[in-house]
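Visitor: Here it is: the structure, laid out below.
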2 protein chains.
Amino acid sequence: MPQFQIDPRLDADSRLVINLGLCQLRLMDDARWPWLILVPQRPSIVEIFDMTPLDQTMLTFETGLAAKALSEVTGCAKVNIGALGNKVRQFHLHVVARSEGDSNWPNPVWGHGMPEPWRQADRAVFLEKLIGAL
Amino acid sequence: MPQFQIDPRLDADSRLVINLGLCQLRLMDDARWPWLILVPQRPSIVEIFDMTPLDQTMLTFETGLAAKALSEVTGCAKVNIGALGNKVRQFHLHVVARSEGDSNWPNPVWGHGMPEPWRQADRAVFLEKLIGAL
């Protein structure tokens, strides 16, 4: 039976924050926006309907949890949620804090410009707050 | 108690296909991509965590249903799912069929170019297939 393995590109572009029940919660290494991704730890999932109904419900629960914590920590105007997967097919869900006037506002974060890596100290402060809010 | 009313901009940009249990399933009037939106028929919902857990679960179920039908009807490479809401705050979820080489592939549909309205006959054929697959 195949095992879950994180896609190498997701692994390179983000870092693990915490394991939730179903998903890895990860932080994208792009400080332009507070940007989380959720990756269900199941093999061979591409589309949302590839998951069992129970896993879909778990994903929804964990999405709400991550979105609410991100909203509280950032005070953002809007949380953007998306599962695209046009480049990386392993199912992953983006949860991004958007604020008026941020990079590419009000258009999407995906495919816009080049990533700006987090400074280590800023990331540590952000993740401490995020984990406190989860 | 406030009643659900569809946001005027969503109403102008899309047309009602069918009422599911929780959501209006609507077709965006943009023939560049087969593009559905789901709008939970609840007042004052902006973020996913504004919904009750039961409604969130219903939304997930209806998202899977719409995504699977869209995938079957179009034979697309990837379904893109997103809830952005940076422009229209009433919660709405996009479900879009993407194919290699389509407009702006592999980048997102949102904020790209100008809508190209469906031709009436093409839309009728598409919706008949979609409803058959739901």
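Following the order of the structure tokens, first chain is A, next is B, and so on, with residues numbered from 1 inside each chain and ligands from 1 in the order they appear.
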Write out as an MDAnalysis selection string all residues of chain A that backbone DSSP assigns to alpha helix (DSSP H).

Guide: chainID A and resid 8:13 53:74 120:133

Visitor: May I ask you to extract the residues of chain B within 8 Å of chain A, using only C-alpha atoms, and to give them as a CSV table (one decimal) with C-alpha atoms, in the first residue's frame?

Guide:
```
chain,number,residue,atom,x,y,z
B,47,GLU,CA,-15.1,33.6,5.9
B,48,ILE,CA,-15.4,29.8,5.9
B,49,PHE,CA,-15.3,29.9,9.7
B,53,PRO,CA,-19.7,23.1,11.4
B,56,GLN,CA,-19.1,23.7,6.4
B,57,THR,CA,-19.6,20.0,6.0
B,60,THR,CA,-17.5,20.4,1.4
B,61,PHE,CA,-20.0,17.7,0.2
B,64,GLY,CA,-17.0,17.5,-4.1
B,65,LEU,CA,-20.2,16.9,-6.1
B,67,ALA,CA,-16.0,19.3,-8.8
B,68,LYS,CA,-16.6,15.7,-9.8
B,78,LYS,CA,-7.2,19.8,-12.9
B,79,VAL,CA,-10.1,21.3,-11.0
B,80,ASN,CA,-9.2,24.7,-9.4
B,81,ILE,CA,-11.1,25.5,-6.2
B,82,GLY,CA,-10.9,28.9,-4.5
B,83,ALA,CA,-12.6,31.2,-2.1
B,84,LEU,CA,-11.0,34.6,-2.4
B,85,GLY,CA,-13.6,37.3,-1.8
B,86,ASN,CA,-11.2,40.2,-2.1
B,87,LYS,CA,-13.6,42.1,-4.3
B,98,ARG,CA,-8.6,23.8,-16.1
B,105,TRP,CA,-2.6,28.2,-17.7
B,106,PRO,CA,-1.0,27.2,-15.3
B,107,ASN,CA,-1.7,30.4,-13.4
B,108,PRO,CA,-5.1,31.3,-11.9
B,110,TRP,CA,-9.0,35.3,-11.2
B,111,GLY,CA,-8.0,38.8,-12.3
```

Visitor: As a short mmCIF file (atom, residue, chain, number, x, y, z; two decimals) with N, CA and C atoms, in the first residue's frame, please: chain A after a least-squares superposition onto chain B using all C-alpha atoms matched in order.

Guide:
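This went into result-v8.cif:
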```
data_model
loop_
_atom_site.label_atom_id
_atom_site.label_comp_id
_atom_site.auth_asym_id
_atom_site.auth_seq_id
_atom_site.Cartn_x
_atom_site.Cartn_y
_atom_site.Cartn_z
N MET A 1 -34.51 38.70 11.72
CA MET A 1 -33.34 37.90 11.33
C MET A 1 -33.04 38.14 9.85
N PRO A 2 -31.78 38.40 9.50
CA PRO A 2 -31.48 38.72 8.10
C PRO A 2 -31.71 37.50 7.20
N GLN A 3 -32.11 37.79 5.99
CA GLN A 3 -32.34 36.75 4.99
C GLN A 3 -31.15 36.70 4.03
N PHE A 4 -30.95 35.53 3.43
CA PHE A 4 -29.93 35.43 2.37
C PHE A 4 -30.39 36.17 1.13
N GLN A 5 -29.49 36.98 0.61
CA GLN A 5 -29.71 37.60 -0.70
C GLN A 5 -28.41 37.51 -1.47
N ILE A 6 -28.51 37.14 -2.72
CA ILE A 6 -27.29 37.02 -3.54
C ILE A 6 -26.71 38.41 -3.76
N ASP A 7 -25.39 38.52 -3.63
CA ASP A 7 -24.71 39.79 -3.90
C ASP A 7 -24.99 40.23 -5.35
N PRO A 8 -25.28 41.51 -5.56
CA PRO A 8 -25.64 41.97 -6.92
C PRO A 8 -24.55 41.71 -7.96
N ARG A 9 -23.28 41.76 -7.52
CA ARG A 9 -22.20 41.53 -8.49
C ARG A 9 -22.11 40.05 -8.88
N LEU A 10 -22.26 39.15 -7.89
CA LEU A 10 -22.30 37.72 -8.22
C LEU A 10 -23.49 37.43 -9.13
N ASP A 11 -24.60 38.09 -8.83
CA ASP A 11 -25.80 37.88 -9.63
C ASP A 11 -25.60 38.33 -11.07
N ALA A 12 -24.88 39.43 -11.25
CA ALA A 12 -24.66 39.96 -12.60
C ALA A 12 -23.63 39.13 -13.38
N ASP A 13 -22.65 38.56 -12.66
CA ASP A 13 -21.54 37.86 -13.33
C ASP A 13 -21.82 36.39 -13.59
N SER A 14 -22.90 35.86 -13.03
CA SER A 14 -23.15 34.41 -13.13
C SER A 14 -24.64 34.16 -13.19
N ARG A 15 -25.02 32.95 -13.59
CA ARG A 15 -26.45 32.63 -13.60
C ARG A 15 -26.72 31.36 -12.83
N LEU A 16 -27.86 31.33 -12.17
CA LEU A 16 -28.23 30.19 -11.35
C LEU A 16 -28.43 28.95 -12.21
N VAL A 17 -27.78 27.85 -11.82
CA VAL A 17 -27.97 26.57 -12.52
C VAL A 17 -28.99 25.73 -11.75
N ILE A 18 -28.74 25.57 -10.44
CA ILE A 18 -29.58 24.70 -9.63
C ILE A 18 -29.36 25.05 -8.16
N ASN A 19 -30.36 24.84 -7.35
CA ASN A 19 -30.20 24.96 -5.91
C ASN A 19 -29.82 23.60 -5.34
N LEU A 20 -28.66 23.51 -4.72
CA LEU A 20 -28.28 22.29 -4.01
C LEU A 20 -28.84 22.44 -2.59
N GLY A 21 -28.48 21.58 -1.67
CA GLY A 21 -29.05 21.66 -0.32
C GLY A 21 -28.72 22.97 0.39
N LEU A 22 -27.43 23.31 0.39
CA LEU A 22 -26.99 24.54 1.04
C LEU A 22 -26.78 25.67 0.05
N CYS A 23 -26.16 25.34 -1.06
CA CYS A 23 -25.64 26.39 -1.98
C CYS A 23 -26.47 26.56 -3.24
N GLN A 24 -26.44 27.78 -3.73
CA GLN A 24 -26.76 28.02 -5.14
C GLN A 24 -25.55 27.58 -5.96
N LEU A 25 -25.79 26.74 -6.97
CA LEU A 25 -24.74 26.40 -7.94
C LEU A 25 -24.96 27.30 -9.15
N ARG A 26 -23.94 28.09 -9.49
CA ARG A 26 -24.10 29.09 -10.54
C ARG A 26 -22.99 28.92 -11.59
N LEU A 27 -23.26 29.34 -12.81
CA LEU A 27 -22.26 29.30 -13.89
C LEU A 27 -21.80 30.72 -14.17
N MET A 28 -20.48 30.95 -14.08
CA MET A 28 -19.94 32.27 -14.43
C MET A 28 -20.13 32.51 -15.92
N ASP A 29 -20.46 33.73 -16.27
CA ASP A 29 -20.68 34.05 -17.68
C ASP A 29 -19.34 34.41 -18.33
N ASP A 30 -18.48 33.38 -18.42
CA ASP A 30 -17.14 33.55 -18.99
C ASP A 30 -16.75 32.20 -19.61
N ALA A 31 -16.84 32.15 -20.93
CA ALA A 31 -16.66 30.87 -21.63
C ALA A 31 -15.19 30.48 -21.79
N ARG A 32 -14.26 31.30 -21.26
CA ARG A 32 -12.84 30.93 -21.38
C ARG A 32 -12.54 29.66 -20.59
N TRP A 33 -13.27 29.47 -19.51
CA TRP A 33 -13.13 28.25 -18.70
C TRP A 33 -14.52 27.81 -18.24
N PRO A 34 -14.76 26.49 -18.15
CA PRO A 34 -15.99 26.03 -17.47
C PRO A 34 -15.85 26.37 -15.98
N TRP A 35 -16.66 27.29 -15.50
CA TRP A 35 -16.40 27.95 -14.22
C TRP A 35 -17.69 28.07 -13.42
N LEU A 36 -17.77 27.28 -12.36
CA LEU A 36 -18.93 27.28 -11.48
C LEU A 36 -18.63 28.08 -10.22
N ILE A 37 -19.67 28.59 -9.59
CA ILE A 37 -19.50 29.08 -8.22
C ILE A 37 -20.61 28.51 -7.33
N LEU A 38 -20.24 28.28 -6.08
CA LEU A 38 -21.16 27.81 -5.06
C LEU A 38 -21.35 28.94 -4.05
N VAL A 39 -22.59 29.29 -3.78
CA VAL A 39 -22.88 30.36 -2.82
C VAL A 39 -23.80 29.81 -1.73
N PRO A 40 -23.27 29.63 -0.50
CA PRO A 40 -24.12 29.15 0.59
C PRO A 40 -25.26 30.13 0.84
N GLN A 41 -26.47 29.60 0.93
CA GLN A 41 -27.65 30.47 1.08
C GLN A 41 -27.87 30.78 2.56
N ARG A 42 -26.91 31.48 3.11
CA ARG A 42 -26.95 31.92 4.50
C ARG A 42 -26.58 33.39 4.52
N PRO A 43 -27.20 34.20 5.38
CA PRO A 43 -26.83 35.61 5.44
C PRO A 43 -25.50 35.82 6.16
N SER A 44 -24.80 36.87 5.78
CA SER A 44 -23.66 37.40 6.56
C SER A 44 -22.48 36.44 6.69
N ILE A 45 -22.22 35.63 5.65
CA ILE A 45 -21.06 34.74 5.67
C ILE A 45 -19.96 35.37 4.81
N VAL A 46 -18.81 35.60 5.41
CA VAL A 46 -17.66 36.16 4.68
C VAL A 46 -16.53 35.12 4.62
N GLU A 47 -16.19 34.58 5.79
CA GLU A 47 -15.10 33.59 5.87
C GLU A 47 -15.69 32.20 6.10
N ILE A 48 -14.93 31.17 5.76
CA ILE A 48 -15.43 29.80 5.92
C ILE A 48 -15.78 29.53 7.38
N PHE A 49 -15.03 30.15 8.30
CA PHE A 49 -15.29 29.87 9.71
C PHE A 49 -16.48 30.68 10.26
N ASP A 50 -17.13 31.48 9.42
CA ASP A 50 -18.39 32.11 9.83
C ASP A 50 -19.56 31.13 9.74
N MET A 51 -19.35 30.01 9.05
CA MET A 51 -20.42 29.01 8.90
C MET A 51 -20.43 28.05 10.08
N THR A 52 -21.58 27.47 10.36
CA THR A 52 -21.64 26.41 11.37
C THR A 52 -20.86 25.19 10.87
N PRO A 53 -20.42 24.34 11.80
CA PRO A 53 -19.73 23.11 11.37
C PRO A 53 -20.57 22.28 10.39
N LEU A 54 -21.89 22.20 10.62
CA LEU A 54 -22.73 21.42 9.71
C LEU A 54 -22.75 22.04 8.32
N ASP A 55 -22.88 23.37 8.25
CA ASP A 55 -22.86 24.03 6.95
C ASP A 55 -21.51 23.86 6.26
N GLN A 56 -20.43 23.91 7.02
CA GLN A 56 -19.10 23.69 6.43
C GLN A 56 -19.02 22.29 5.81
N THR A 57 -19.59 21.32 6.52
CA THR A 57 -19.57 19.94 6.00
C THR A 57 -20.43 19.83 4.74
N MET A 58 -21.59 20.49 4.75
CA MET A 58 -22.46 20.51 3.56
C MET A 58 -21.74 21.16 2.39
N LEU A 59 -21.05 22.26 2.66
CA LEU A 59 -20.32 22.95 1.59
C LEU A 59 -19.27 22.03 0.99
N THR A 60 -18.57 21.30 1.85
CA THR A 60 -17.55 20.36 1.38
C THR A 60 -18.17 19.29 0.49
N PHE A 61 -19.31 18.75 0.95
CA PHE A 61 -20.00 17.72 0.17
C PHE A 61 -20.41 18.27 -1.19
N GLU A 62 -20.98 19.46 -1.21
CA GLU A 62 -21.47 20.05 -2.47
C GLU A 62 -20.29 20.46 -3.37
N THR A 63 -19.18 20.85 -2.76
CA THR A 63 -17.98 21.16 -3.54
C THR A 63 -17.47 19.92 -4.26
N GLY A 64 -17.41 18.81 -3.53
CA GLY A 64 -16.98 17.54 -4.13
C GLY A 64 -17.89 17.12 -5.27
N LEU A 65 -19.18 17.28 -5.05
CA LEU A 65 -20.20 16.95 -6.06
C LEU A 65 -20.00 17.78 -7.33
N ALA A 66 -19.88 19.08 -7.15
CA ALA A 66 -19.73 19.98 -8.30
C ALA A 66 -18.40 19.74 -9.01
N ALA A 67 -17.34 19.54 -8.23
CA ALA A 67 -16.02 19.34 -8.82
C ALA A 67 -15.97 18.05 -9.62
N LYS A 68 -16.58 16.99 -9.09
CA LYS A 68 -16.56 15.70 -9.78
C LYS A 68 -17.37 15.77 -11.08
N ALA A 69 -18.54 16.38 -11.01
CA ALA A 69 -19.37 16.52 -12.22
C ALA A 69 -18.64 17.35 -13.28
N LEU A 70 -18.03 18.44 -12.85
CA LEU A 70 -17.31 19.31 -13.79
C LEU A 70 -16.14 18.56 -14.43
N SER A 71 -15.43 17.79 -13.62
CA SER A 71 -14.30 17.02 -14.12
C SER A 71 -14.75 15.98 -15.14
N GLU A 72 -15.86 15.30 -14.84
CA GLU A 72 -16.38 14.27 -15.76
C GLU A 72 -16.83 14.87 -17.08
N VAL A 73 -17.52 16.01 -16.99
CA VAL A 73 -18.10 16.61 -18.20
C VAL A 73 -17.03 17.21 -19.10
N THR A 74 -15.99 17.79 -18.48
CA THR A 74 -14.98 18.51 -19.27
C THR A 74 -13.76 17.65 -19.59
N GLY A 75 -13.51 16.60 -18.80
CA GLY A 75 -12.25 15.85 -18.96
C GLY A 75 -11.03 16.71 -18.69
N CYS A 76 -11.17 17.69 -17.80
CA CYS A 76 -10.11 18.66 -17.54
C CYS A 76 -8.89 18.01 -16.90
N ALA A 77 -7.76 18.73 -16.96
CA ALA A 77 -6.53 18.25 -16.32
C ALA A 77 -6.59 18.43 -14.82
N LYS A 78 -7.26 19.50 -14.36
CA LYS A 78 -7.26 19.82 -12.93
C LYS A 78 -8.44 20.71 -12.61
N VAL A 79 -9.09 20.43 -11.52
CA VAL A 79 -10.11 21.34 -11.01
C VAL A 79 -9.43 22.34 -10.07
N ASN A 80 -9.70 23.61 -10.28
CA ASN A 80 -9.20 24.66 -9.36
C ASN A 80 -10.34 25.10 -8.46
N ILE A 81 -10.09 25.08 -7.17
CA ILE A 81 -11.09 25.48 -6.19
C ILE A 81 -10.56 26.68 -5.42
N GLY A 82 -11.39 27.70 -5.25
CA GLY A 82 -10.90 28.85 -4.51
C GLY A 82 -12.01 29.68 -3.91
N ALA A 83 -11.76 30.17 -2.70
CA ALA A 83 -12.63 31.16 -2.07
C ALA A 83 -11.75 32.36 -1.77
N LEU A 84 -11.86 33.41 -2.59
CA LEU A 84 -11.01 34.59 -2.41
C LEU A 84 -11.82 35.68 -1.72
N GLY A 85 -12.72 36.33 -2.45
CA GLY A 85 -13.59 37.30 -1.81
C GLY A 85 -12.93 38.65 -1.55
N ASN A 86 -11.83 38.92 -2.26
CA ASN A 86 -11.18 40.22 -2.06
C ASN A 86 -12.02 41.35 -2.65
N LYS A 87 -12.79 41.05 -3.69
CA LYS A 87 -13.64 42.06 -4.32
C LYS A 87 -15.09 41.96 -3.82
N VAL A 88 -15.63 40.78 -3.82
CA VAL A 88 -17.01 40.55 -3.36
C VAL A 88 -16.93 39.76 -2.07
N ARG A 89 -17.40 40.37 -0.95
CA ARG A 89 -17.19 39.75 0.35
C ARG A 89 -18.16 38.62 0.68
N GLN A 90 -19.33 38.59 0.05
CA GLN A 90 -20.24 37.47 0.32
C GLN A 90 -19.52 36.16 -0.03
N PHE A 91 -19.52 35.21 0.91
CA PHE A 91 -18.75 33.98 0.69
C PHE A 91 -19.23 33.26 -0.57
N HIS A 92 -18.29 32.94 -1.44
CA HIS A 92 -18.58 32.17 -2.64
C HIS A 92 -17.35 31.38 -2.99
N LEU A 93 -17.56 30.18 -3.49
CA LEU A 93 -16.46 29.27 -3.78
C LEU A 93 -16.43 28.99 -5.28
N HIS A 94 -15.27 29.22 -5.88
CA HIS A 94 -15.10 28.97 -7.30
C HIS A 94 -14.68 27.52 -7.54
N VAL A 95 -15.24 26.91 -8.57
CA VAL A 95 -14.88 25.55 -8.98
C VAL A 95 -14.68 25.61 -10.50
N VAL A 96 -13.43 25.52 -10.94
CA VAL A 96 -13.09 25.85 -12.32
C VAL A 96 -12.35 24.68 -12.98
N ALA A 97 -12.79 24.31 -14.18
CA ALA A 97 -12.11 23.24 -14.93
C ALA A 97 -10.95 23.85 -15.71
N ARG A 98 -9.74 23.35 -15.43
CA ARG A 98 -8.56 23.85 -16.13
C ARG A 98 -7.96 22.76 -17.02
N SER A 99 -7.48 23.19 -18.18
CA SER A 99 -6.85 22.27 -19.12
C SER A 99 -5.55 22.88 -19.60
N GLU A 100 -4.58 22.02 -19.87
CA GLU A 100 -3.28 22.52 -20.31
C GLU A 100 -3.45 23.39 -21.55
N GLY A 101 -2.84 24.57 -21.52
CA GLY A 101 -2.91 25.48 -22.65
C GLY A 101 -4.12 26.39 -22.64
N ASP A 102 -4.98 26.29 -21.61
CA ASP A 102 -6.13 27.21 -21.58
C ASP A 102 -5.65 28.62 -21.22
N SER A 103 -6.56 29.57 -21.20
CA SER A 103 -6.21 30.96 -20.96
C SER A 103 -5.54 31.10 -19.58
N ASN A 104 -4.29 31.59 -19.60
CA ASN A 104 -3.49 31.84 -18.39
C ASN A 104 -2.97 30.57 -17.69
N TRP A 105 -3.12 29.41 -18.27
CA TRP A 105 -2.55 28.17 -17.72
C TRP A 105 -1.05 28.32 -17.52
N PRO A 106 -0.42 27.85 -16.42
CA PRO A 106 -1.03 27.19 -15.26
C PRO A 106 -1.34 28.18 -14.13
N ASN A 107 -1.44 29.44 -14.47
CA ASN A 107 -1.73 30.44 -13.44
C ASN A 107 -3.24 30.57 -13.24
N PRO A 108 -3.67 31.36 -12.23
CA PRO A 108 -5.10 31.34 -11.87
C PRO A 108 -5.98 32.06 -12.87
N VAL A 109 -7.26 31.79 -12.79
CA VAL A 109 -8.25 32.46 -13.64
C VAL A 109 -8.61 33.85 -13.12
N TRP A 110 -8.47 34.04 -11.81
CA TRP A 110 -8.97 35.28 -11.20
C TRP A 110 -8.10 36.47 -11.58
N GLY A 111 -8.76 37.54 -11.99
CA GLY A 111 -8.05 38.78 -12.31
C GLY A 111 -7.34 38.75 -13.65
N HIS A 112 -7.59 37.74 -14.47
CA HIS A 112 -6.90 37.61 -15.76
C HIS A 112 -7.81 38.05 -16.91
N GLY A 113 -7.40 39.10 -17.63
CA GLY A 113 -8.10 39.51 -18.85
C GLY A 113 -9.56 39.85 -18.63
N MET A 114 -10.31 39.78 -19.71
CA MET A 114 -11.72 40.18 -19.68
C MET A 114 -12.60 38.96 -19.94
N PRO A 115 -13.76 38.89 -19.29
CA PRO A 115 -14.68 37.78 -19.53
C PRO A 115 -15.13 37.71 -20.99
N GLU A 116 -15.32 36.50 -21.46
CA GLU A 116 -15.89 36.28 -22.80
C GLU A 116 -17.21 35.56 -22.61
N PRO A 117 -18.32 36.29 -22.76
CA PRO A 117 -19.64 35.69 -22.47
C PRO A 117 -19.88 34.40 -23.27
N TRP A 118 -20.59 33.47 -22.66
CA TRP A 118 -20.98 32.24 -23.35
C TRP A 118 -21.91 32.57 -24.51
N ARG A 119 -21.80 31.78 -25.58
CA ARG A 119 -22.85 31.78 -26.60
C ARG A 119 -24.00 30.93 -26.07
N GLN A 120 -25.20 31.39 -26.33
CA GLN A 120 -26.37 30.77 -25.69
C GLN A 120 -26.46 29.27 -25.98
N ALA A 121 -26.20 28.89 -27.22
CA ALA A 121 -26.35 27.48 -27.60
C ALA A 121 -25.29 26.63 -26.90
N ASP A 122 -24.06 27.14 -26.84
CA ASP A 122 -22.98 26.40 -26.17
C ASP A 122 -23.29 26.22 -24.69
N ARG A 123 -23.81 27.28 -24.08
CA ARG A 123 -24.12 27.20 -22.66
C ARG A 123 -25.21 26.16 -22.40
N ALA A 124 -26.22 26.15 -23.25
CA ALA A 124 -27.32 25.18 -23.06
C ALA A 124 -26.79 23.75 -23.14
N VAL A 125 -25.91 23.48 -24.09
CA VAL A 125 -25.34 22.13 -24.23
C VAL A 125 -24.50 21.78 -23.01
N PHE A 126 -23.67 22.73 -22.58
CA PHE A 126 -22.81 22.49 -21.42
C PHE A 126 -23.64 22.22 -20.17
N LEU A 127 -24.66 23.04 -19.94
CA LEU A 127 -25.45 22.89 -18.70
C LEU A 127 -26.26 21.59 -18.71
N GLU A 128 -26.71 21.17 -19.88
CA GLU A 128 -27.44 19.90 -19.95
C GLU A 128 -26.52 18.75 -19.52
N LYS A 129 -25.29 18.77 -20.02
CA LYS A 129 -24.32 17.72 -19.64
C LYS A 129 -24.01 17.81 -18.14
N LEU A 130 -23.81 19.03 -17.66
CA LEU A 130 -23.44 19.20 -16.25
C LEU A 130 -24.54 18.69 -15.32
N ILE A 131 -25.76 19.06 -15.61
CA ILE A 131 -26.88 18.64 -14.76
C ILE A 131 -27.04 17.13 -14.81
N GLY A 132 -26.79 16.54 -15.99
CA GLY A 132 -26.82 15.08 -16.10
C GLY A 132 -25.79 14.40 -15.22
N ALA A 133 -24.63 15.06 -15.04
CA ALA A 133 -23.53 14.46 -14.27
C ALA A 133 -23.67 14.70 -12.77
N LEU A 134 -24.50 15.64 -12.39
CA LEU A 134 -24.61 15.98 -10.94
C LEU A 134 -25.32 14.87 -10.16
#
```

Visitor: Run DSSP on the backbone and tell me which residues of chain A come out as strand (DSSP E or B); list them as a PDB file with C-alpha atoms, in the first residue's frame.

Guide:
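Resulting contents of out38.pdb:
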```pdb
ATOM      1  CA  SER A  14       7.429  25.556   2.515  1.00  0.00           C
ATOM      2  CA  ARG A  15       8.329  24.329   5.981  1.00  0.00           C
ATOM      3  CA  LEU A  16       6.391  22.120   8.345  1.00  0.00           C
ATOM      4  CA  VAL A  17       4.763  24.025  11.221  1.00  0.00           C
ATOM      5  CA  ILE A  18       2.706  21.307  12.901  1.00  0.00           C
ATOM      6  CA  ASN A  19       0.932  18.054  12.153  1.00  0.00           C
ATOM      7  CA  CYS A  23      -2.917  17.508   7.343  1.00  0.00           C
ATOM      8  CA  GLN A  24       0.561  18.835   7.565  1.00  0.00           C
ATOM      9  CA  LEU A  25       0.231  22.564   8.258  1.00  0.00           C
ATOM     10  CA  ARG A  26       3.113  24.286   6.481  1.00  0.00           C
ATOM     11  CA  LEU A  27       4.323  27.887   6.039  1.00  0.00           C
ATOM     12  CA  MET A  28       5.253  28.998   2.520  1.00  0.00           C
ATOM     13  CA  TRP A  35       0.687  32.025   3.593  1.00  0.00           C
ATOM     14  CA  LEU A  36      -0.076  28.568   4.956  1.00  0.00           C
ATOM     15  CA  ILE A  37      -0.663  25.322   3.129  1.00  0.00           C
ATOM     16  CA  LEU A  38      -2.494  22.224   4.320  1.00  0.00           C
ATOM     17  CA  VAL A  39      -1.412  18.873   2.874  1.00  0.00           C
ATOM     18  CA  PRO A  40      -3.576  15.827   3.695  1.00  0.00           C
ATOM     19  CA  LYS A  78      -9.746  38.543   3.898  1.00  0.00           C
ATOM     20  CA  VAL A  79      -8.507  34.994   3.998  1.00  0.00           C
ATOM     21  CA  ASN A  80      -7.957  33.505   0.533  1.00  0.00           C
ATOM     22  CA  ILE A  81      -8.406  29.756   0.271  1.00  0.00           C
ATOM     23  CA  GLY A  82      -7.465  27.797  -2.813  1.00  0.00           C
ATOM     24  CA  ALA A  83      -6.642  24.351  -4.117  1.00  0.00           C
ATOM     25  CA  LEU A  93      -4.790  23.769   0.053  1.00  0.00           C
ATOM     26  CA  HIS A  94      -3.548  27.335   0.326  1.00  0.00           C
ATOM     27  CA  VAL A  95      -4.723  29.554   3.193  1.00  0.00           C
ATOM     28  CA  VAL A  96      -3.441  33.098   2.709  1.00  0.00           C
ATOM     29  CA  ALA A  97      -3.953  36.289   4.740  1.00  0.00           C
ATOM     30  CA  ARG A  98      -4.687  39.213   2.422  1.00  0.00           C
TER      31      ARG A  98
END
```
